[in-house]
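Source file target26.cif; content: mmCIF, C-alpha atoms.
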```cif
data_final
#
loop_
_atom_site.group_PDB
_atom_site.id
_atom_site.type_symbol
_atom_site.label_atom_id
_atom_site.label_comp_id
_atom_site.auth_asym_id
_atom_site.auth_seq_id
_atom_site.Cartn_x
_atom_site.Cartn_y
_atom_site.Cartn_z
ATOM 1 C CA MET A 1 0.000 0.000 0.000
ATOM 2 C CA GLU A 2 2.837 2.414 0.809
ATOM 3 C CA GLU A 3 4.416 1.786 -2.591
ATOM 4 C CA ILE A 4 1.085 2.417 -4.315
ATOM 5 C CA ILE A 5 0.677 5.743 -2.500
ATOM 6 C CA TYR A 6 4.104 6.906 -3.660
ATOM 7 C CA LEU A 7 3.447 5.706 -7.201
ATOM 8 C CA CYS A 8 0.133 7.578 -7.241
ATOM 9 C CA LEU A 9 1.946 10.763 -6.246
ATOM 10 C CA PHE A 10 4.419 10.334 -9.098
ATOM 11 C CA ALA A 11 1.556 9.482 -11.485
ATOM 12 C CA PHE A 12 -0.130 12.754 -10.513
ATOM 13 C CA MET A 13 3.049 14.733 -11.228
ATOM 14 C CA ALA A 14 3.638 12.865 -14.488
ATOM 15 C CA GLY A 15 0.060 13.504 -15.581
ATOM 16 C CA PHE A 16 0.410 17.225 -14.892
ATOM 17 C CA ILE A 17 3.665 17.625 -16.841
ATOM 18 C CA ASP A 18 2.660 15.313 -19.664
ATOM 19 C CA SER A 19 -0.659 17.070 -20.235
ATOM 20 C CA VAL A 20 1.122 20.336 -20.962
ATOM 21 C CA VAL A 21 4.338 19.493 -22.817
ATOM 22 C CA GLY A 22 4.883 15.727 -22.645
ATOM 23 C CA GLY A 23 7.759 14.071 -20.812
ATOM 24 C CA GLY A 24 5.678 12.457 -18.077
ATOM 25 C CA GLY A 25 7.422 9.151 -18.680
ATOM 26 C CA LEU A 26 10.650 10.605 -17.305
ATOM 27 C CA ILE A 27 8.878 10.869 -13.947
ATOM 28 C CA GLN A 28 6.691 7.780 -14.010
ATOM 29 C CA VAL A 29 8.971 5.060 -15.399
ATOM 30 C CA PRO A 30 11.862 5.628 -12.940
ATOM 31 C CA ALA A 31 9.331 5.692 -10.078
ATOM 32 C CA LEU A 32 7.899 2.351 -11.177
ATOM 33 C CA LEU A 33 11.375 0.851 -11.388
ATOM 34 C CA VAL A 34 12.190 2.057 -7.859
ATOM 35 C CA PHE A 35 8.949 1.069 -6.125
ATOM 36 C CA LEU A 36 8.333 -2.206 -7.996
ATOM 37 C CA PRO A 37 11.696 -3.959 -7.585
ATOM 38 C CA GLY A 38 11.809 -7.462 -8.975
ATOM 39 C CA VAL A 39 8.809 -6.921 -11.249
ATOM 40 C CA PRO A 40 9.598 -7.947 -14.852
ATOM 41 C CA LEU A 41 10.389 -4.973 -17.064
ATOM 42 C CA PRO A 42 7.560 -5.621 -19.566
ATOM 43 C CA THR A 43 5.108 -5.551 -16.639
ATOM 44 C CA VAL A 44 6.613 -2.268 -15.430
ATOM 45 C CA PHE A 45 6.171 -0.771 -18.894
ATOM 46 C CA GLY A 46 2.654 -2.175 -19.286
ATOM 47 C CA THR A 47 1.566 -0.835 -15.912
ATOM 48 C CA GLY A 48 3.039 2.553 -16.738
ATOM 49 C CA LYS A 49 1.327 2.631 -20.133
ATOM 50 C CA PHE A 50 -2.044 1.889 -18.513
ATOM 51 C CA ALA A 51 -1.649 4.805 -16.097
ATOM 52 C CA GLY A 52 -0.131 7.073 -18.735
ATOM 53 C CA ILE A 53 -2.807 6.593 -21.361
ATOM 54 C CA ALA A 54 -5.516 7.442 -18.823
ATOM 55 C CA GLY A 55 -3.952 10.828 -18.131
ATOM 56 C CA THR A 56 -3.151 11.487 -21.790
ATOM 57 C CA THR A 57 -6.715 10.658 -22.849
ATOM 58 C CA ALA A 58 -8.161 12.942 -20.170
ATOM 59 C CA ALA A 59 -5.885 15.762 -21.318
ATOM 60 C CA MET A 60 -6.817 15.141 -24.944
ATOM 61 C CA VAL A 61 -10.539 15.390 -24.172
ATOM 62 C CA LYS A 62 -9.997 18.650 -22.285
ATOM 63 C CA TYR A 63 -7.951 20.128 -25.140
ATOM 64 C CA VAL A 64 -10.448 18.993 -27.782
ATOM 65 C CA ARG A 65 -13.183 20.907 -25.968
ATOM 66 C CA SER A 66 -11.110 24.070 -25.621
ATOM 67 C CA VAL A 67 -8.645 24.252 -28.530
ATOM 68 C CA GLN A 68 -9.387 24.104 -32.243
ATOM 69 C CA ILE A 69 -7.693 20.987 -33.626
ATOM 70 C CA ASN A 70 -6.851 20.451 -37.284
ATOM 71 C CA TYR A 71 -8.153 16.926 -37.731
ATOM 72 C CA LEU A 72 -7.098 16.781 -41.403
ATOM 73 C CA ALA A 73 -3.497 16.578 -40.219
ATOM 74 C CA ILE A 74 -3.913 14.955 -36.815
ATOM 75 C CA LEU A 75 -6.119 11.934 -37.549
ATOM 76 C CA PRO A 76 -3.835 10.557 -40.313
ATOM 77 C CA ALA A 77 -0.881 11.160 -37.987
ATOM 78 C CA ALA A 78 -2.620 9.308 -35.153
ATOM 79 C CA ALA A 79 -3.526 6.353 -37.390
ATOM 80 C CA ALA A 80 0.005 6.041 -38.755
ATOM 81 C CA ALA A 81 1.437 6.413 -35.243
ATOM 82 C CA PHE A 82 -0.798 3.620 -33.930
ATOM 83 C CA VAL A 83 0.473 1.155 -36.528
ATOM 84 C CA CYS A 84 4.111 2.221 -36.464
ATOM 85 C CA SER A 85 4.340 2.274 -32.673
ATOM 86 C CA PHE A 86 3.628 -1.460 -32.692
ATOM 87 C CA LEU A 87 6.176 -1.984 -35.463
ATOM 88 C CA GLY A 88 8.734 0.028 -33.517
ATOM 89 C CA ALA A 89 8.243 -2.155 -30.468
ATOM 90 C CA ARG A 90 8.765 -5.269 -32.553
ATOM 91 C CA ALA A 91 11.908 -3.784 -34.106
ATOM 92 C CA LEU A 92 13.573 -3.905 -30.692
ATOM 93 C CA SER A 93 14.280 -7.581 -31.284
ATOM 94 C CA HIS A 94 16.475 -6.739 -34.288
ATOM 95 C CA LEU A 95 18.080 -3.370 -33.537
ATOM 96 C CA ASP A 96 19.995 -1.776 -30.675
ATOM 97 C CA ALA A 97 17.896 1.109 -29.335
ATOM 98 C CA SER A 98 20.813 2.495 -27.316
ATOM 99 C CA LEU A 99 22.562 3.453 -30.562
ATOM 100 C CA LEU A 100 19.941 6.170 -31.030
ATOM 101 C CA LYS A 101 20.817 7.981 -27.832
ATOM 102 C CA PRO A 102 23.613 10.259 -29.119
ATOM 103 C CA LEU A 103 21.504 11.261 -32.133
ATOM 104 C CA ILE A 104 18.422 11.962 -30.017
ATOM 105 C CA LEU A 105 20.557 13.963 -27.589
ATOM 106 C CA VAL A 106 21.794 16.201 -30.421
ATOM 107 C CA LEU A 107 18.271 16.668 -31.786
ATOM 108 C CA LEU A 108 16.926 17.626 -28.367
ATOM 109 C CA VAL A 109 19.702 20.187 -27.880
ATOM 110 C CA LEU A 110 18.871 21.717 -31.265
ATOM 111 C CA VAL A 111 15.172 21.824 -30.342
ATOM 112 C CA ALA A 112 15.920 23.589 -27.053
ATOM 113 C CA VAL A 113 18.365 26.083 -28.572
ATOM 114 C CA TYR A 114 16.052 26.958 -31.460
ATOM 115 C CA THR A 115 13.041 27.404 -29.165
ATOM 116 C CA PHE A 116 15.050 29.571 -26.760
ATOM 117 C CA ILE A 117 16.559 31.799 -29.446
ATOM 118 C CA LYS A 118 13.401 32.226 -31.513
ATOM 119 C CA LYS A 119 11.275 34.091 -28.975
ATOM 120 C CA ASP A 120 8.129 34.114 -31.126
ATOM 121 C CA PHE A 121 8.322 30.362 -31.834
ATOM 122 C CA GLY A 122 4.882 28.919 -31.140
ATOM 123 C CA SER A 123 3.352 32.241 -30.098
ATOM 124 C CA LEU A 124 1.057 32.534 -33.120
ATOM 125 C CA HIS A 125 -1.318 29.964 -34.565
ATOM 126 C CA ALA A 126 -0.892 30.304 -38.324
ATOM 127 C CA PRO A 127 -1.230 26.975 -40.194
ATOM 128 C CA LYS A 128 0.850 27.222 -43.345
ATOM 129 C CA LEU A 129 0.242 23.987 -45.285
ATOM 130 C CA THR A 130 -2.388 23.114 -47.855
ATOM 131 C CA GLU A 131 -4.914 20.437 -46.926
ATOM 132 C CA SER A 132 -3.237 17.800 -49.081
ATOM 133 C CA LYS A 133 0.185 18.555 -47.576
ATOM 134 C CA GLU A 134 -1.287 18.484 -44.053
ATOM 135 C CA ARG A 135 -2.592 14.967 -44.650
ATOM 136 C CA LEU A 136 0.647 13.801 -46.245
ATOM 137 C CA TYR A 137 2.899 15.333 -43.595
ATOM 138 C CA GLY A 138 0.556 14.075 -40.900
ATOM 139 C CA LEU A 139 1.006 10.521 -42.140
ATOM 140 C CA LEU A 140 4.788 10.906 -42.346
ATOM 141 C CA VAL A 141 5.099 12.519 -38.917
ATOM 142 C CA GLY A 142 2.790 9.958 -37.327
ATOM 143 C CA ALA A 143 4.701 7.062 -38.869
ATOM 144 C CA ALA A 144 8.109 8.376 -37.828
ATOM 145 C CA ILE A 145 7.169 9.446 -34.295
ATOM 146 C CA GLY A 146 5.011 6.381 -33.752
ATOM 147 C CA PHE A 147 7.880 4.083 -34.697
ATOM 148 C CA TYR A 148 10.256 6.032 -32.449
ATOM 149 C CA ASP A 149 7.832 5.913 -29.516
ATOM 150 C CA GLY A 150 7.410 2.168 -29.818
ATOM 151 C CA PHE A 151 11.123 1.608 -30.375
ATOM 152 C CA PHE A 152 12.632 3.957 -27.777
ATOM 153 C CA GLY A 153 10.195 6.610 -26.555
ATOM 154 C CA PRO A 154 11.744 9.355 -24.385
ATOM 155 C CA GLY A 155 11.052 12.850 -25.712
ATOM 156 C CA THR A 156 8.188 11.796 -27.992
ATOM 157 C CA GLY A 157 5.786 14.477 -26.751
ATOM 158 C CA SER A 158 8.414 17.205 -27.035
ATOM 159 C CA PHE A 159 9.318 16.189 -30.590
ATOM 160 C CA LEU A 160 5.644 16.182 -31.585
ATOM 161 C CA ILE A 161 5.065 19.664 -30.192
ATOM 162 C CA PHE A 162 8.169 21.023 -31.918
ATOM 163 C CA ILE A 163 7.154 19.476 -35.264
ATOM 164 C CA PHE A 164 3.567 20.706 -35.077
ATOM 165 C CA ILE A 165 4.838 24.225 -34.424
ATOM 166 C CA GLY A 166 7.749 24.321 -36.856
ATOM 167 C CA LEU A 167 6.258 22.337 -39.732
ATOM 168 C CA PHE A 168 2.512 22.914 -39.437
ATOM 169 C CA GLY A 169 2.529 26.446 -37.990
ATOM 170 C CA PHE A 170 0.572 25.676 -34.814
ATOM 171 C CA ASN A 171 1.044 27.632 -31.588
ATOM 172 C CA PHE A 172 2.110 25.882 -28.373
ATOM 173 C CA LEU A 173 -1.425 25.215 -27.135
ATOM 174 C CA ALA A 174 -2.640 23.815 -30.459
ATOM 175 C CA ALA A 175 0.569 21.763 -30.792
ATOM 176 C CA SER A 176 0.125 20.349 -27.272
ATOM 177 C CA ALA A 177 -3.460 19.394 -28.090
ATOM 178 C CA ALA A 178 -2.412 17.739 -31.365
ATOM 179 C CA ALA A 179 0.423 15.908 -29.634
ATOM 180 C CA LYS A 180 -2.032 14.421 -27.134
ATOM 181 C CA VAL A 181 -4.154 12.904 -29.921
ATOM 182 C CA VAL A 182 -1.102 11.233 -31.469
ATOM 183 C CA ASN A 183 0.238 10.179 -28.051
ATOM 184 C CA VAL A 184 -3.034 8.445 -27.218
ATOM 185 C CA ALA A 185 -2.673 6.410 -30.415
ATOM 186 C CA THR A 186 0.939 5.379 -29.740
ATOM 187 C CA ASN A 187 0.245 4.568 -26.087
ATOM 188 C CA LEU A 188 -2.866 2.566 -26.962
ATOM 189 C CA SER A 189 -0.920 0.485 -29.472
ATOM 190 C CA ALA A 190 1.770 -0.342 -26.911
ATOM 191 C CA LEU A 191 -0.763 -0.941 -24.121
ATOM 192 C CA LEU A 192 -2.747 -3.417 -26.231
ATOM 193 C CA TYR A 193 0.452 -5.373 -26.808
ATOM 194 C CA PHE A 194 1.391 -5.439 -23.117
ATOM 195 C CA ALA A 195 -2.148 -6.150 -21.879
ATOM 196 C CA TRP A 196 -2.633 -8.965 -24.403
ATOM 197 C CA ASN A 197 0.462 -10.640 -23.001
ATOM 198 C CA GLY A 198 -0.615 -10.149 -19.376
ATOM 199 C CA HIS A 199 1.936 -7.482 -18.511
ATOM 200 C CA VAL A 200 -0.221 -5.052 -16.505
ATOM 201 C CA LEU A 201 -0.471 -4.950 -12.691
ATOM 202 C CA TYR A 202 -4.027 -3.643 -12.510
ATOM 203 C CA GLU A 203 -4.025 -3.307 -8.719
ATOM 204 C CA VAL A 204 -1.243 -0.741 -9.173
ATOM 205 C CA ALA A 205 -2.187 0.633 -12.589
ATOM 206 C CA VAL A 206 -5.805 1.570 -11.754
ATOM 207 C CA PRO A 207 -5.096 3.878 -8.776
ATOM 208 C CA MET A 208 -2.157 5.352 -10.692
ATOM 209 C CA ALA A 209 -4.454 5.987 -13.651
ATOM 210 C CA VAL A 210 -6.922 7.856 -11.430
ATOM 211 C CA CYS A 211 -4.141 10.099 -10.090
ATOM 212 C CA SER A 212 -2.749 10.602 -13.590
ATOM 213 C CA ILE A 213 -6.188 11.787 -14.742
ATOM 214 C CA ILE A 214 -6.396 14.245 -11.847
ATOM 215 C CA GLY A 215 -2.907 15.555 -12.612
ATOM 216 C CA SER A 216 -3.616 15.850 -16.318
ATOM 217 C CA GLN A 217 -6.862 17.741 -15.707
ATOM 218 C CA LEU A 218 -5.070 20.217 -13.461
ATOM 219 C CA GLY A 219 -2.205 20.555 -15.941
ATOM 220 C CA THR A 220 -4.481 21.094 -18.921
ATOM 221 C CA ARG A 221 -6.574 23.646 -17.051
ATOM 222 C CA THR A 222 -3.409 25.476 -16.002
ATOM 223 C CA ALA A 223 -2.071 25.490 -19.581
ATOM 224 C CA LEU A 224 -5.343 26.819 -21.003
ATOM 225 C CA LYS A 225 -5.559 29.484 -18.292
ATOM 226 C CA ARG A 226 -1.912 30.604 -18.382
ATOM 227 C CA GLY A 227 -1.646 30.461 -22.172
ATOM 228 C CA VAL A 228 1.104 30.023 -24.744
ATOM 229 C CA GLY A 229 3.839 31.725 -22.727
ATOM 230 C CA PHE A 230 3.488 29.315 -19.811
ATOM 231 C CA VAL A 231 3.542 26.287 -22.109
ATOM 232 C CA ARG A 232 6.661 27.602 -23.872
ATOM 233 C CA VAL A 233 8.570 28.012 -20.603
ATOM 234 C CA LEU A 234 7.522 24.593 -19.311
ATOM 235 C CA PHE A 235 8.447 23.081 -22.683
ATOM 236 C CA LEU A 236 11.981 24.453 -22.367
ATOM 237 C CA VAL A 237 12.263 23.205 -18.778
ATOM 238 C CA VAL A 238 11.126 19.685 -19.684
ATOM 239 C CA VAL A 239 13.323 19.457 -22.791
ATOM 240 C CA THR A 240 16.300 20.602 -20.717
ATOM 241 C CA GLY A 241 15.515 17.875 -18.196
ATOM 242 C CA ILE A 242 15.344 15.271 -20.949
ATOM 243 C CA ILE A 243 18.671 16.490 -22.352
ATOM 244 C CA LEU A 244 20.368 16.207 -18.954
ATOM 245 C CA LYS A 245 18.923 12.730 -18.453
ATOM 246 C CA PHE A 246 20.058 11.611 -21.902
ATOM 247 C CA ALA A 247 23.512 13.089 -21.406
ATOM 248 C CA TYR A 248 23.963 11.363 -18.060
ATOM 249 C CA ASP A 249 22.692 8.028 -19.374
ATOM 250 C CA THR A 250 24.915 8.253 -22.443
ATOM 251 C CA TYR A 251 28.142 9.685 -21.075
ATOM 252 C CA GLY A 252 27.820 9.815 -17.272
ATOM 253 C CA SER A 253 29.673 7.524 -14.887
ATOM 254 C CA GLY A 254 26.489 5.734 -13.916
ATOM 255 C CA GLY A 255 24.770 6.075 -17.225
ATOM 256 C CA SER A 256 23.356 2.714 -18.030
ATOM 257 C CA ASP A 257 19.675 3.261 -17.250
ATOM 258 C CA PHE A 258 18.180 3.489 -20.712
ATOM 259 C CA ALA A 259 20.850 1.287 -22.232
ATOM 260 C CA GLY A 260 20.008 -1.403 -19.705
ATOM 261 C CA LEU A 261 16.297 -0.912 -20.245
ATOM 262 C CA ALA A 262 16.698 -1.084 -24.012
ATOM 263 C CA SER A 263 18.828 -4.222 -23.792
ATOM 264 C CA THR A 264 16.355 -5.980 -21.503
ATOM 265 C CA VAL A 265 13.369 -5.046 -23.630
ATOM 266 C CA GLN A 266 15.196 -6.184 -26.765
ATOM 267 C CA GLN A 267 15.813 -9.579 -25.198
ATOM 268 C CA TRP A 268 12.208 -9.858 -24.062
ATOM 269 C CA PHE A 269 10.726 -8.933 -27.429
ATOM 270 C CA GLY A 270 13.177 -11.319 -29.058
ATOM 271 C CA ARG A 271 11.922 -14.167 -26.892
ATOM 272 C CA LYS A 272 8.294 -13.222 -27.503
ATOM 273 C CA GLY A 273 8.975 -13.054 -31.253
#
```

Mind turning the file's structure into structure tokens?
Amino acid sequence: MEEIIYLCLFAFMAGFIDSVVGGGGLIQVPALLVFLPGVPLPTVFGTGKFAGIAGTTAAMVKYVRSVQINYLAILPAAAAAFVCSFLGARALSHLDASLLKPLILVLLVLVAVYTFIKKDFGSLHAPKLTESKERLYGLLVGAAIGFYDGFFGPGTGSFLIFIFIGLFGFNFLAASAAAKVVNVATNLSALLYFAWNGHVLYEVAVPMAVCSIIGSQLGTRTALKRGVGFVRVLFLVVVTGIILKFAYDTYGSGGSDFAGLASTVQQWFGRKG
């Protein structure tokens, strides 16, 4: 019971952060690993996905009611992300996910620097693509990000927000809303895989999901009330946190967290395949 209480607290915090700018997994997954020692890694991931998708879905519903969403671009992206997230997870049995870490680290640094330097980035909502290009780019973005989320994952929400702003011309609020729709699709794909194979601790996942929903509702309400400027600042804070985590895992003295996770998941998917 004590472990569940702590996990619910972390689920609340993860739901709040994730509802605004993504990155909730950086809070929730380490907490699960700490408070569920000895639990198989696929079960840790499955339990986390169950809690995470509850908060993400709640945030998505709140955004849909309050922010105008361009479904011509987002629905194709979500569909492609759903399929490619599953394919990305399966690819773990053939490729080494840890090899991506230096590349992702560089990309995240570029995202943070560009967002910091370009002060008006994401301040205006001015879609700049034709309808046909929105559908095409939506499919391409959904496929690429969906595959990445299933294959590796960290930073997915931040990448989606950056792409929806830079490529589609959305502002931070609209990009956050769009990212939630795509995130629900990628998380659902992964959760179906884990749940089908019995890798969800429902006695832990259900109370965590409730707290994640509460956190996401508070986070979404705060983002809508405080506006684009608040989301931009929080985006920079979260991306900086992801960069520091990636840098430590890749080059730090104790940096084997994600490499170890990737290796274990690769072995598990290989056995399941």

Which range 40-120 of chain A residues have any atom within 12 Å of an atom of range 192-196 of chain A, and for each, what is the nearest pair of atoms with distance in Å to one decimal, counting all atoms listed in the file, rows sorted by chain and number, as a Markdown table?
```
| residue | atom | partner | partner_atom | distance |
| --- | --- | --- | --- | --- |
| A:Pro40 | CA | A:Phe194 | CA | 11.9 |
| A:Leu41 | CA | A:Phe194 | CA | 10.9 |
| A:Pro42 | CA | A:Phe194 | CA | 7.1 |
| A:Thr43 | CA | A:Phe194 | CA | 7.5 |
| A:Val44 | CA | A:Phe194 | CA | 9.8 |
| A:Phe45 | CA | A:Phe194 | CA | 7.9 |
| A:Gly46 | CA | A:Phe194 | CA | 5.2 |
| A:Thr47 | CA | A:Phe194 | CA | 8.6 |
| A:Gly48 | CA | A:Phe194 | CA | 10.4 |
| A:Lys49 | CA | A:Phe194 | CA | 8.6 |
| A:Phe50 | CA | A:Ala195 | CA | 8.7 |
| A:Ile53 | CA | A:Leu192 | CA | 11.1 |
| A:Phe82 | CA | A:Leu192 | CA | 10.6 |
| A:Val83 | CA | A:Tyr193 | CA | 11.7 |
| A:Ser85 | CA | A:Tyr193 | CA | 10.4 |
| A:Phe86 | CA | A:Tyr193 | CA | 7.7 |
| A:Leu87 | CA | A:Tyr193 | CA | 10.9 |
| A:Gly88 | CA | A:Tyr193 | CA | 11.9 |
| A:Ala89 | CA | A:Tyr193 | CA | 9.2 |
| A:Arg90 | CA | A:Tyr193 | CA | 10.1 |
```

Determine the nearest neighbour of Ala77 in chain A from the options A:Gly138, A:Gly24, A:Gly198, A:Gly38, counting only C-alpha atoms. A:Gly138

Listed atoms of range 75-82 of chain A, axis-aligned box, 8 Å per side: centre and edge lengths to one decimal in Å, as AutoDock Vina command-line options?
```
--center_x -2.3 --center_y 7.8 --center_z -37.1 --size_x 23.6 --size_y 24.3 --size_z 22.4
```

For the structure provided, state which residues fall under the PyMOL selection byres ((chain A and resi 11) around 8), and present them as a list in words.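 Taken on the displayed file, the PyMOL selection byres ((chain A and resi 11) around 8) yields the residues Leu7, Cys8, Leu9, Phe10, Phe12, Met13, Ala14, Gly15, Ile27, Gln28, Ala51, Gly52, Met208, Ala209, Cys211, Ser212 and Gly215 of chain A.
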
Extract, using only C-alpha atoms, all DNA, RNA and protein residues at most 12 Å from Thr130 in chain A, discarding same-chain residues fewer than 4 positions from it, and format them as a VMD selection string. chain A and resid 70 72 to 73 134 to 138 167 to 169
